[in-house]
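The data block below is target18.txt; it holds compact mmCIF, C-alpha atoms and all ligand atoms.
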# COMPACT_ATOMS: atom_id res chain seq x y z
CA MET A 1 7.29 -16.97 8.47
CA PHE A 2 5.91 -13.47 7.61
CA ALA A 3 7.38 -12.34 4.27
CA VAL A 4 7.18 -8.96 2.60
CA ARG A 5 7.97 -8.21 -1.04
CA ILE A 6 8.98 -4.59 -1.62
CA VAL A 7 8.63 -2.89 -5.00
CA ALA A 8 9.21 0.69 -6.13
CA ARG A 9 7.15 2.76 -8.55
CA LEU A 10 8.38 6.15 -9.75
CA ARG A 11 5.56 8.19 -11.28
CA PRO A 12 6.07 10.45 -14.33
CA PRO A 13 6.53 14.22 -13.79
CA LEU A 14 3.29 16.19 -13.53
CA PRO A 15 2.77 19.25 -15.76
CA GLY A 16 4.96 22.10 -14.46
CA GLU A 17 6.80 19.93 -11.94
CA VAL A 18 10.54 20.74 -11.67
CA CYS A 19 12.56 17.52 -12.14
CA ASP A 20 16.16 16.60 -12.97
CA ASP A 21 17.86 13.31 -13.82
CA GLY A 22 18.83 12.66 -10.17
CA VAL A 23 16.48 9.68 -9.81
CA ARG A 24 16.65 6.64 -12.08
CA VAL A 25 14.89 3.31 -12.04
CA VAL A 26 16.80 0.10 -12.73
CA SER A 27 13.89 -1.92 -14.02
CA HIS A 28 13.81 -5.56 -12.93
CA ARG A 29 12.66 -6.38 -16.43
CA LYS A 30 15.84 -4.92 -17.98
CA VAL A 31 18.02 -6.68 -15.41
CA ASP A 32 16.22 -10.00 -15.98
CA LYS A 33 16.68 -9.64 -19.73
CA GLU A 34 20.41 -8.82 -19.44
CA ASN A 35 20.99 -11.80 -17.18
CA ALA A 36 19.17 -14.03 -19.65
CA GLU A 37 21.54 -13.14 -22.49
CA PRO A 38 24.95 -14.75 -21.92
CA ASN A 39 26.88 -12.32 -24.18
CA LYS A 40 25.73 -9.30 -22.23
CA SER A 41 27.30 -8.43 -18.90
CA ALA A 42 24.80 -8.55 -16.06
CA ASN A 43 23.79 -5.23 -14.58
CA ASN A 44 25.43 -5.36 -11.17
CA SER A 45 23.06 -2.85 -9.69
CA GLY A 46 20.03 -5.16 -9.67
CA PRO A 47 16.50 -3.80 -9.72
CA GLY A 48 16.01 -0.66 -7.66
CA ILE A 49 16.35 3.10 -7.55
CA ILE A 50 19.55 5.09 -8.15
CA VAL A 51 19.64 8.56 -6.60
CA THR A 52 22.44 10.89 -7.70
CA LYS A 53 23.35 13.84 -5.52
CA GLU A 54 26.37 16.12 -5.85
CA GLY A 55 28.07 13.75 -8.27
CA SER A 56 27.77 10.57 -6.20
CA SER A 57 25.16 7.86 -6.76
CA GLN A 58 23.49 5.60 -4.26
CA HIS A 59 21.65 2.44 -5.30
CA TYR A 60 18.62 1.33 -3.24
CA PRO A 61 17.64 -2.29 -4.07
CA PHE A 62 14.02 -3.47 -4.46
CA HIS A 63 12.53 -6.81 -5.48
CA SER A 64 11.25 -5.07 -8.59
CA ALA A 65 11.09 -1.49 -9.83
CA TYR A 66 8.85 0.42 -12.23
CA GLY A 67 9.58 3.76 -13.90
CA PRO A 68 7.50 6.25 -15.87
CA ASP A 69 7.95 4.05 -18.97
CA ASP A 70 5.92 1.29 -17.32
CA SER A 71 2.83 3.18 -18.17
CA THR A 72 0.12 1.13 -16.50
CA THR A 73 -0.46 -0.49 -13.13
CA GLN A 74 -1.27 -3.73 -14.95
CA THR A 75 2.47 -4.36 -15.53
CA LEU A 76 3.09 -4.28 -11.78
CA PHE A 77 -0.04 -6.28 -11.12
CA ILE A 78 0.96 -9.15 -13.39
CA HIS A 79 4.53 -9.41 -12.10
CA ASP A 80 4.11 -8.79 -8.36
CA MET A 81 0.46 -9.26 -7.44
CA LEU A 82 -0.76 -12.31 -9.36
CA PRO A 83 1.40 -14.77 -7.35
CA LEU A 84 -0.17 -13.36 -4.18
CA VAL A 85 -3.69 -13.97 -5.54
CA ASP A 86 -2.69 -17.66 -5.72
CA GLN A 87 -1.80 -17.45 -2.03
CA VAL A 88 -5.18 -15.93 -1.09
CA PHE A 89 -6.86 -18.82 -2.92
CA SER A 90 -4.81 -21.24 -0.85
CA GLY A 91 -6.12 -19.70 2.38
CA GLN A 92 -3.41 -17.17 3.24
CA THR A 93 -3.83 -13.63 4.54
CA VAL A 94 -2.18 -11.14 2.18
CA THR A 95 -1.75 -7.39 2.68
CA VAL A 96 -0.91 -4.91 -0.07
CA PHE A 97 0.24 -1.43 0.97
CA ALA A 98 0.80 1.66 -1.15
CA TYR A 99 3.28 3.78 0.80
CA GLY A 100 5.02 7.07 0.00
CA VAL A 101 5.04 10.82 0.43
CA THR A 102 2.01 12.85 -0.47
CA SER A 103 1.38 13.13 -4.24
CA SER A 104 3.63 10.17 -5.09
CA GLY A 105 0.85 8.11 -6.73
CA LYS A 106 -0.53 5.84 -3.99
CA THR A 107 -4.21 6.42 -4.78
CA TYR A 108 -3.43 6.25 -8.50
CA THR A 109 -1.74 2.87 -8.00
CA MET A 110 -4.49 1.41 -5.81
CA GLN A 111 -7.60 2.93 -7.45
CA GLY A 112 -6.42 3.83 -10.98
CA ASN A 113 -7.10 7.10 -12.77
CA GLY A 114 -10.75 6.40 -13.52
CA LEU A 115 -9.93 6.33 -17.26
CA ASP A 116 -7.49 4.08 -19.09
CA ASP A 117 -5.34 2.94 -16.14
CA ARG A 118 -7.01 0.55 -13.72
CA GLY A 119 -5.63 0.30 -10.22
CA VAL A 120 -4.60 -2.77 -8.24
CA ILE A 121 -8.02 -2.94 -6.54
CA GLY A 122 -10.11 -3.21 -9.73
CA LEU A 123 -7.60 -5.60 -11.31
CA VAL A 124 -7.54 -7.94 -8.34
CA VAL A 125 -11.34 -8.04 -7.98
CA ASP A 126 -11.68 -9.00 -11.67
CA GLU A 127 -9.02 -11.69 -11.23
CA ILE A 128 -10.77 -13.13 -8.17
CA PHE A 129 -14.11 -13.34 -9.99
CA LYS A 130 -12.41 -15.01 -12.98
CA ARG A 131 -11.10 -17.74 -10.63
CA LEU A 132 -14.22 -17.97 -8.43
CA GLY A 133 -16.21 -19.49 -11.29
CA ALA A 134 -13.94 -22.54 -11.39
CA ALA A 135 -13.21 -22.79 -7.65
CA GLY A 136 -16.77 -22.13 -6.45
CA GLY A 137 -17.16 -19.83 -3.46
CA THR A 138 -18.17 -16.39 -2.32
CA LEU A 139 -16.56 -12.98 -1.89
CA SER A 140 -17.43 -10.27 0.60
CA MET A 141 -15.82 -6.99 1.58
CA SER A 142 -15.43 -4.43 4.32
CA TYR A 143 -14.02 -0.95 3.84
CA LEU A 144 -12.96 1.49 6.52
CA GLU A 145 -10.81 4.55 6.96
CA LEU A 146 -8.61 5.56 9.86
CA TYR A 147 -9.01 9.29 10.29
CA LEU A 148 -7.07 10.91 13.15
CA ASP A 149 -6.33 7.32 14.22
CA ALA A 150 -10.06 6.52 14.67
CA PRO A 151 -11.77 3.85 12.49
CA TYR A 152 -14.89 4.76 10.45
CA ASP A 153 -16.96 2.35 8.36
CA LEU A 154 -17.06 3.67 4.78
CA LEU A 155 -19.84 1.24 3.84
CA VAL A 156 -22.49 2.55 6.21
CA PRO A 157 -25.02 4.88 4.53
CA PRO A 158 -23.33 8.16 3.55
CA ARG A 159 -22.97 10.66 6.34
CA THR A 160 -25.29 13.60 5.96
CA THR A 161 -22.90 15.96 7.71
CA SER A 162 -19.27 16.42 6.72
CA SER A 163 -16.06 15.41 8.43
CA HIS A 164 -17.27 12.50 10.55
CA SER A 165 -19.49 14.62 12.77
CA GLY A 166 -22.46 12.53 11.59
CA ALA A 167 -21.15 9.08 12.58
CA PRO A 168 -19.23 7.94 15.63
CA PRO A 169 -16.01 6.01 15.12
CA LEU A 170 -16.07 2.22 15.45
CA SER A 171 -14.85 0.80 18.74
CA PHE A 172 -12.17 -1.84 19.18
CA GLY A 173 -13.36 -2.67 22.71
CA THR A 174 -10.68 -4.92 24.13
CA SER A 175 -10.17 -6.76 20.85
CA ILE A 176 -7.89 -6.21 17.86
CA HIS A 177 -10.99 -6.54 15.66
CA LEU A 178 -13.87 -4.14 15.06
CA PRO A 179 -17.04 -6.10 15.91
CA ALA A 180 -19.37 -3.47 14.41
CA LEU A 181 -17.57 -3.18 11.05
CA SER A 182 -20.06 -4.11 8.31
CA THR A 183 -19.27 -6.77 5.70
CA HIS A 184 -21.06 -6.96 2.35
CA HIS A 185 -21.50 -9.88 0.00
CA ILE A 186 -20.38 -9.10 -3.58
CA GLU A 187 -22.09 -10.85 -6.50
CA SER A 188 -20.02 -9.55 -9.43
CA PRO A 189 -17.23 -7.13 -10.44
CA GLU A 190 -19.93 -4.61 -11.41
CA ALA A 191 -21.58 -4.85 -7.98
CA PHE A 192 -18.15 -4.34 -6.38
CA ARG A 193 -17.43 -1.25 -8.51
CA SER A 194 -20.71 0.38 -7.59
CA LEU A 195 -20.33 -0.29 -3.84
CA TYR A 196 -16.67 0.73 -3.87
CA ALA A 197 -17.30 3.99 -5.75
CA GLN A 198 -20.01 4.91 -3.26
CA ALA A 199 -17.73 4.14 -0.29
CA ALA A 200 -14.64 5.82 -1.76
CA GLY A 201 -16.73 8.99 -2.04
CA ASN A 202 -17.13 8.88 1.77
CA ARG A 203 -13.37 8.99 2.30
CA SER A 204 -11.73 12.06 3.88
CA THR A 205 -9.77 14.04 1.32
CA GLY A 206 -8.66 17.65 1.25
CA ALA A 207 -6.56 20.05 -0.77
CA THR A 208 -2.92 20.70 0.10
CA LEU A 209 -0.39 22.68 -1.94
CA LEU A 210 0.91 19.37 -3.32
CA ASN A 211 -2.29 17.54 -4.12
CA SER A 212 -5.72 19.04 -4.75
CA SER A 213 -7.31 15.78 -3.63
CA SER A 214 -4.98 14.52 -0.93
CA SER A 215 -6.05 11.49 1.15
CA ARG A 216 -6.32 12.56 4.79
CA SER A 217 -6.86 9.05 6.09
CA HIS A 218 -5.59 5.48 5.68
CA ALA A 219 -8.15 3.42 3.73
CA VAL A 220 -8.35 -0.33 4.41
CA LEU A 221 -10.35 -2.45 1.97
CA THR A 222 -10.60 -6.11 2.99
CA LEU A 223 -11.78 -8.89 0.68
CA TYR A 224 -12.90 -12.14 2.35
CA LEU A 225 -12.84 -15.20 0.15
CA THR A 226 -14.68 -18.39 1.16
CA LEU A 227 -14.20 -21.30 -1.21
CA ALA A 228 -16.45 -24.30 -1.71
CA ASN A 229 -13.72 -26.51 -0.19
CA ALA A 230 -13.94 -24.42 3.03
CA VAL A 231 -10.64 -22.60 2.40
CA VAL A 232 -10.85 -19.03 3.70
CA GLY A 233 -8.47 -16.37 2.35
CA LYS A 234 -8.20 -12.70 3.22
CA LEU A 235 -6.78 -9.79 1.24
CA HIS A 236 -6.20 -6.35 2.78
CA LEU A 237 -5.66 -3.54 0.25
CA LEU A 238 -4.36 -0.36 1.85
CA ASP A 239 -4.13 3.11 0.40
CA LEU A 240 -2.09 4.79 3.13
CA ALA A 241 -2.23 8.54 3.57
CA GLY A 242 1.06 10.15 2.52
CA SER A 243 3.82 11.00 4.97
CA GLU A 244 3.90 14.78 4.91
CA ASN A 245 6.46 17.51 5.05
CA ASN A 246 4.46 20.49 6.34
CA ASN A 247 6.95 22.94 4.80
CA LEU A 248 5.84 21.70 1.38
CA THR A 249 2.14 21.07 1.92
CA GLY A 250 1.35 24.54 3.35
CA ASN A 251 -0.95 22.88 5.89
CA ASN A 252 -3.28 24.95 8.07
CA PRO A 253 -3.75 23.98 11.78
CA SER A 254 -6.47 21.36 11.13
CA ARG A 255 -4.48 19.86 8.25
CA MET A 256 -1.42 19.85 10.59
CA LYS A 257 -3.42 17.80 13.13
CA GLU A 258 -4.30 15.30 10.37
CA SER A 259 -0.72 15.31 9.19
CA SER A 260 0.61 14.59 12.67
CA ALA A 261 -1.81 11.62 13.08
CA ILE A 262 -0.76 10.32 9.63
CA ASN A 263 2.97 10.59 10.38
CA THR A 264 2.60 9.01 13.85
CA SER A 265 0.73 5.96 12.54
CA LEU A 266 3.18 5.51 9.65
CA THR A 267 6.04 5.55 12.18
CA ALA A 268 4.18 2.90 14.23
CA LEU A 269 3.80 0.77 11.08
CA GLY A 270 7.52 1.16 10.33
CA LEU A 271 8.42 0.05 13.87
CA VAL A 272 6.20 -3.05 13.61
CA VAL A 273 7.70 -4.08 10.26
CA SER A 274 11.22 -3.47 11.56
CA ALA A 275 10.57 -5.53 14.75
CA LEU A 276 9.15 -8.36 12.59
CA ASN A 277 12.30 -8.27 10.44
CA ASP A 278 14.52 -8.35 13.53
CA ASN A 279 12.60 -11.34 14.89
CA ALA A 280 12.87 -13.19 11.57
CA LYS A 281 16.66 -12.66 11.64
CA ALA A 282 16.84 -13.74 15.31
CA ILE A 283 14.87 -16.93 14.53
CA SER A 284 17.16 -17.97 11.68
CA LYS A 285 20.33 -17.10 13.65
CA ALA A 286 19.13 -19.07 16.70
CA ALA A 287 18.10 -22.02 14.49
CA SER A 288 21.61 -22.21 13.01
CA LYS A 289 23.03 -22.42 16.56
CA GLY A 290 20.32 -24.76 17.87
CA GLU A 291 19.25 -22.15 20.45
CA ASP A 292 15.91 -20.55 21.41
CA PRO A 293 15.53 -17.15 19.73
CA LYS A 294 15.23 -13.99 21.86
CA LEU A 295 12.24 -12.28 20.29
CA LYS A 296 11.19 -8.63 20.50
CA LEU A 297 7.67 -7.70 21.53
CA ILE A 298 5.90 -6.41 18.41
CA PRO A 299 4.32 -3.00 19.22
CA TYR A 300 0.99 -3.74 17.48
CA ARG A 301 -1.04 -1.69 19.95
CA SER A 302 0.81 1.58 19.36
CA SER A 303 -1.66 2.75 16.67
CA SER A 304 -5.08 1.76 15.32
CA LEU A 305 -3.45 0.90 11.99
CA THR A 306 -1.04 -1.66 13.45
CA ARG A 307 -3.66 -2.99 15.87
CA LEU A 308 -6.09 -3.60 13.01
CA LEU A 309 -3.42 -5.37 10.96
CA SER A 310 -1.91 -7.37 13.79
CA ASP A 311 -3.24 -10.68 12.45
CA ALA A 312 -2.01 -9.79 8.94
CA LEU A 313 1.50 -8.65 9.89
CA GLY A 314 3.24 -11.70 11.26
CA GLY A 315 2.75 -15.46 11.39
CA SER A 316 2.60 -17.01 7.93
CA SER A 317 0.98 -13.96 6.31
CA LEU A 318 2.39 -12.29 3.23
CA ALA A 319 2.67 -8.65 2.22
CA LEU A 320 3.43 -6.54 -0.83
CA LEU A 321 4.71 -3.05 -0.09
CA ILE A 322 4.52 -0.69 -3.09
CA VAL A 323 6.78 2.27 -2.39
CA CYS A 324 5.47 5.13 -4.53
CA LEU A 325 7.97 7.84 -5.47
CA ALA A 326 7.64 11.34 -6.96
CA PRO A 327 10.36 12.61 -9.31
CA GLY A 328 10.20 16.36 -8.46
CA THR A 329 13.38 17.85 -6.99
CA LYS A 330 11.43 19.28 -4.06
CA PHE A 331 10.63 15.72 -2.94
CA ARG A 332 14.28 14.56 -3.07
CA SER A 333 14.94 14.33 0.67
CA ASP A 334 11.52 12.68 1.27
CA LEU A 335 12.26 10.25 -1.56
CA VAL A 336 15.58 9.25 -0.01
CA ARG A 337 13.78 8.69 3.33
CA SER A 338 11.14 6.50 1.60
CA VAL A 339 13.63 4.24 -0.14
CA GLY A 340 16.27 4.21 2.61
N1 LIG A 401 1.85 6.36 -12.61
C1 LIG A 401 1.26 7.56 -12.84
N2 LIG A 401 1.07 8.00 -14.10
C2 LIG A 401 0.49 9.19 -14.35
N3 LIG A 401 0.05 10.05 -13.38
C3 LIG A 401 0.22 9.67 -12.11
C4 LIG A 401 0.82 8.41 -11.76
N4 LIG A 401 0.85 8.31 -10.42
C5 LIG A 401 0.28 9.44 -9.95
N5 LIG A 401 -0.10 10.26 -10.95
C6 LIG A 401 -0.74 11.58 -10.78
O1 LIG A 401 -0.05 12.24 -9.71
C7 LIG A 401 -0.96 12.98 -8.87
C8 LIG A 401 -0.85 12.51 -7.42
O2 LIG A 401 -1.25 11.14 -7.36
P1 LIG A 401 -2.08 10.54 -6.12
O3 LIG A 401 -3.26 11.40 -5.78
O4 LIG A 401 -2.33 9.11 -6.47
O5 LIG A 401 -1.00 10.69 -4.96
P2 LIG A 401 -1.07 10.14 -3.46
O6 LIG A 401 0.26 9.57 -3.20
O7 LIG A 401 -2.25 9.26 -3.28
O8 LIG A 401 -1.25 11.52 -2.67
P3 LIG A 401 -1.85 11.78 -1.18
O9 LIG A 401 -0.98 11.06 -0.21
O10 LIG A 401 -1.72 13.29 -1.04
O11 LIG A 401 -3.27 11.32 -1.20
C9 LIG A 401 -2.34 12.76 -9.48
O12 LIG A 401 -2.60 13.85 -10.34
C10 LIG A 401 -2.18 11.47 -10.30
O13 LIG A 401 -3.09 11.41 -11.38

As a first step, turn the structure in this file into structure tokens.
Ligand SMILES: Nc1ncnc2c1ncn2[C@@H]1O[C@H](COP(=O)(O)OP(=O)(O)OP(=O)(O)O)[C@@H](O)[C@H]1O
Amino acid sequence: MFAVRIVARLRPPLPGEVCDDGVRVVSHRKVDKENAEPNKSANNSGPGIIVTKEGSSQHYPFHSAYGPDDSTTQTLFIHDMLPLVDQVFSGQTVTVFAYGVTSSGKTYTMQGNGLDDRGVIGLVVDEIFKRLGAAGGTLSMSYLELYLDAPYDLLVPPRTTSSHSGAPPLSFGTSIHLPALSTHHIESPEAFRSLYAQAAGNRSTGATLLNSSSSRSHAVLTLYLTLANAVVGKLHLLDLAGSENNNLTGNNPSRMKESSAINTSLTALGLVVSALNDNAKAISKAASKGEDPKLKLIPYRSSSLTRLLSDALGGSSLALLIVCLAPGTKFRSDLVRSVG
């Protein structure tokens, strides 16, 4: 059955950002350690985020949680991502999402900072190549963005004109797949880095009041693994555009149009995940009573994002949802919406 692991990552304050102590992380590592020591009382809260407002605190549980003290993405990678790499090598489809409001650290988590902190994408590609030597097999990739809900191949030669006017969007036709999406064989981590850097430069970004380089599209990188024993695994790595509060971003009309497309597709994704959860509950309830479950129709076709991921969200696929959070007080209501 489809299973999703949900983790939280609270980024450190940025220079000049106004923060208070209203958001705290209960690290899974601290909780695990306390539970391992019999003389210490277990932390009843469990891993998650505690938000304090007007004197009362609310705890939002997560499978694991990372705060500003967990300085690198590698910590998250080792704890939450490595077990999923095992699954890809056993032929599963795995999807990793970075989700959160604008400027909460999604691109940082997926791509790294280009300096000392490597993102999930670079770390997972290195890990795959480490294992490929022993397992024997090949790796290839596709990379696209969904801009205003239309898919564009980021691995076709760079557009000569800006803002997609130089290349038409890809067409779904009647399928859930994109037949014209290009796939590229990758020989080594270095070859991946060079191709990825070139493609990431084609992605739509723009300045808002909250982020000078804000992603204006959802980026979907897919790694296809074919092993010598004919096992085929697939890994989708998504850097979602941030849900936006136009009062904070100071968006102009064209940014508002982008923002509306971003928010609509994120809502569609939320509805799909919620319907999948409801169906999973209905299946286990019906099984306990020996009845046939009454299942909801999953609204995959309500956005390009959910249509594209329809074979990855459901069935026996697995997902890791990284909820990225910003500590600034101005994000507080958005933060509560993200974790709620
Ligand atoms: N864990 C972190 N440690 C240090 N700096 C971080 C961290 N996460 C994010 N940042 C910084 O916060 C800023 C916003 O991060 P980022 O661009 O990744 O946000 P985003 O969620 O992708 O935003 P958008 O949705 O607008 O594209 C950047 O300056 C980034 O370097």

Using all atoms listed in the file, I'd like a table of the residues in chain A that come within 6 Å of ligand LIG 401 (chain A); for each, show the closest atom pair and its distance in Å rounded to one decimal, ordered by chain and ascending number, as JSON lines.
{"residue": "A:Arg11", "atom": "CA", "partner": "A:LIG401", "partner_atom": "N1", "distance": 4.3}
{"residue": "A:Pro12", "atom": "CA", "partner": "A:LIG401", "partner_atom": "N2", "distance": 5.6}
{"residue": "A:Thr102", "atom": "CA", "partner": "A:LIG401", "partner_atom": "O9", "distance": 3.5}
{"residue": "A:Ser103", "atom": "CA", "partner": "A:LIG401", "partner_atom": "O8", "distance": 3.5}
{"residue": "A:Ser104", "atom": "CA", "partner": "A:LIG401", "partner_atom": "O6", "distance": 3.9}
{"residue": "A:Gly105", "atom": "CA", "partner": "A:LIG401", "partner_atom": "O4", "distance": 3.3}
{"residue": "A:Lys106", "atom": "CA", "partner": "A:LIG401", "partner_atom": "O7", "distance": 3.9}
{"residue": "A:Thr107", "atom": "CA", "partner": "A:LIG401", "partner_atom": "O4", "distance": 3.7}
{"residue": "A:Tyr108", "atom": "CA", "partner": "A:LIG401", "partner_atom": "O4", "distance": 3.7}
{"residue": "A:Asn211", "atom": "CA", "partner": "A:LIG401", "partner_atom": "O10", "distance": 5.3}
{"residue": "A:Ser214", "atom": "CA", "partner": "A:LIG401", "partner_atom": "O10", "distance": 3.5}
{"residue": "A:Ser215", "atom": "CA", "partner": "A:LIG401", "partner_atom": "O11", "distance": 3.6}
{"residue": "A:Ala241", "atom": "CA", "partner": "A:LIG401", "partner_atom": "O9", "distance": 4.7}
{"residue": "A:Gly242", "atom": "CA", "partner": "A:LIG401", "partner_atom": "O9", "distance": 3.5}

Long-range neighbours of Thr174 (chain A) as an NGL selection string, 12 Å cut-off, all atoms listed in the file, 4 positions minimum in chain: :A and (178-179 or 301 or 307)

Spatial neighbours of Thr264 (chain A), 10 Å, all atoms listed in the file, chain gap at least 2 places, as a ChimeraX atom specification: /A:148-149,243,258-262,266-270,302-303

Residue nearest Ile121 (chain A) - candidates A:Leu139, A:Ala134, A:Leu295, A:Val96, atoms counted: all atoms listed in the file: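 Looking at the shortest contact to Ile121 (chain A), the residue is A:Val96.
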
Separation of CA of Leu318 (chain A) from CA of Ala8 (chain A) in Å: 17.4 Å

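Across the structure, CA of Pro151 (chain A) and CA of Tyr196 (chain A) are spaced 17.4 Å apart.
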
12 Å contact set for Lys281 (chain A), all atoms listed in the file, chain neighbours under 4 positions out, as number ranges by chain: A: 1-3, 274-277, 285-288, 293-296

For Pro83 (chain A), the nearest of the candidates A:Arg24, A:Arg5, A:Lys130, A:Arg118, counting all atoms listed in the file: A:Arg5

Atomic separation - CA of Asn202 (chain A) relative to CA of Ala326 (chain A), Å: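 Interatomic distance, CA of Ala326 (chain A) to CA of Asn202 (chain A): 26.4 Å.
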
Residue nearest Met110 (chain A) - candidates A:Arg29, A:Lys330, A:His236, A:Lys257, atoms counted: all atoms listed in the file: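 For Met110 (chain A), the nearest of the candidates is A:His236.
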
Pick from A:Val4, A:Ile50, A:Leu305, A:Ala199 nearest to Ile176 (chain A), counting only C-alpha atoms: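 Of the candidates, the smallest distance to Ile176 (chain A) is held by A:Leu305.
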
Selected residue of minimal separation from Gly173 (chain A) among A:Pro189, A:Gly340, A:Ser304, A:Asp70, counting only C-alpha atoms: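 Of A:Pro189, A:Gly340, A:Ser304, A:Asp70, the one nearest Gly173 (chain A), counting only C-alpha atoms, is A:Ser304.
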
Test item: residues at most 9 Å from region 220-233 of chain A, all atoms listed in the file, excluding those fewer than 6 positions along its chain, as a PyMOL selection string: chain A and resi 87-95+121+125+128+132+135-146+183+239-240
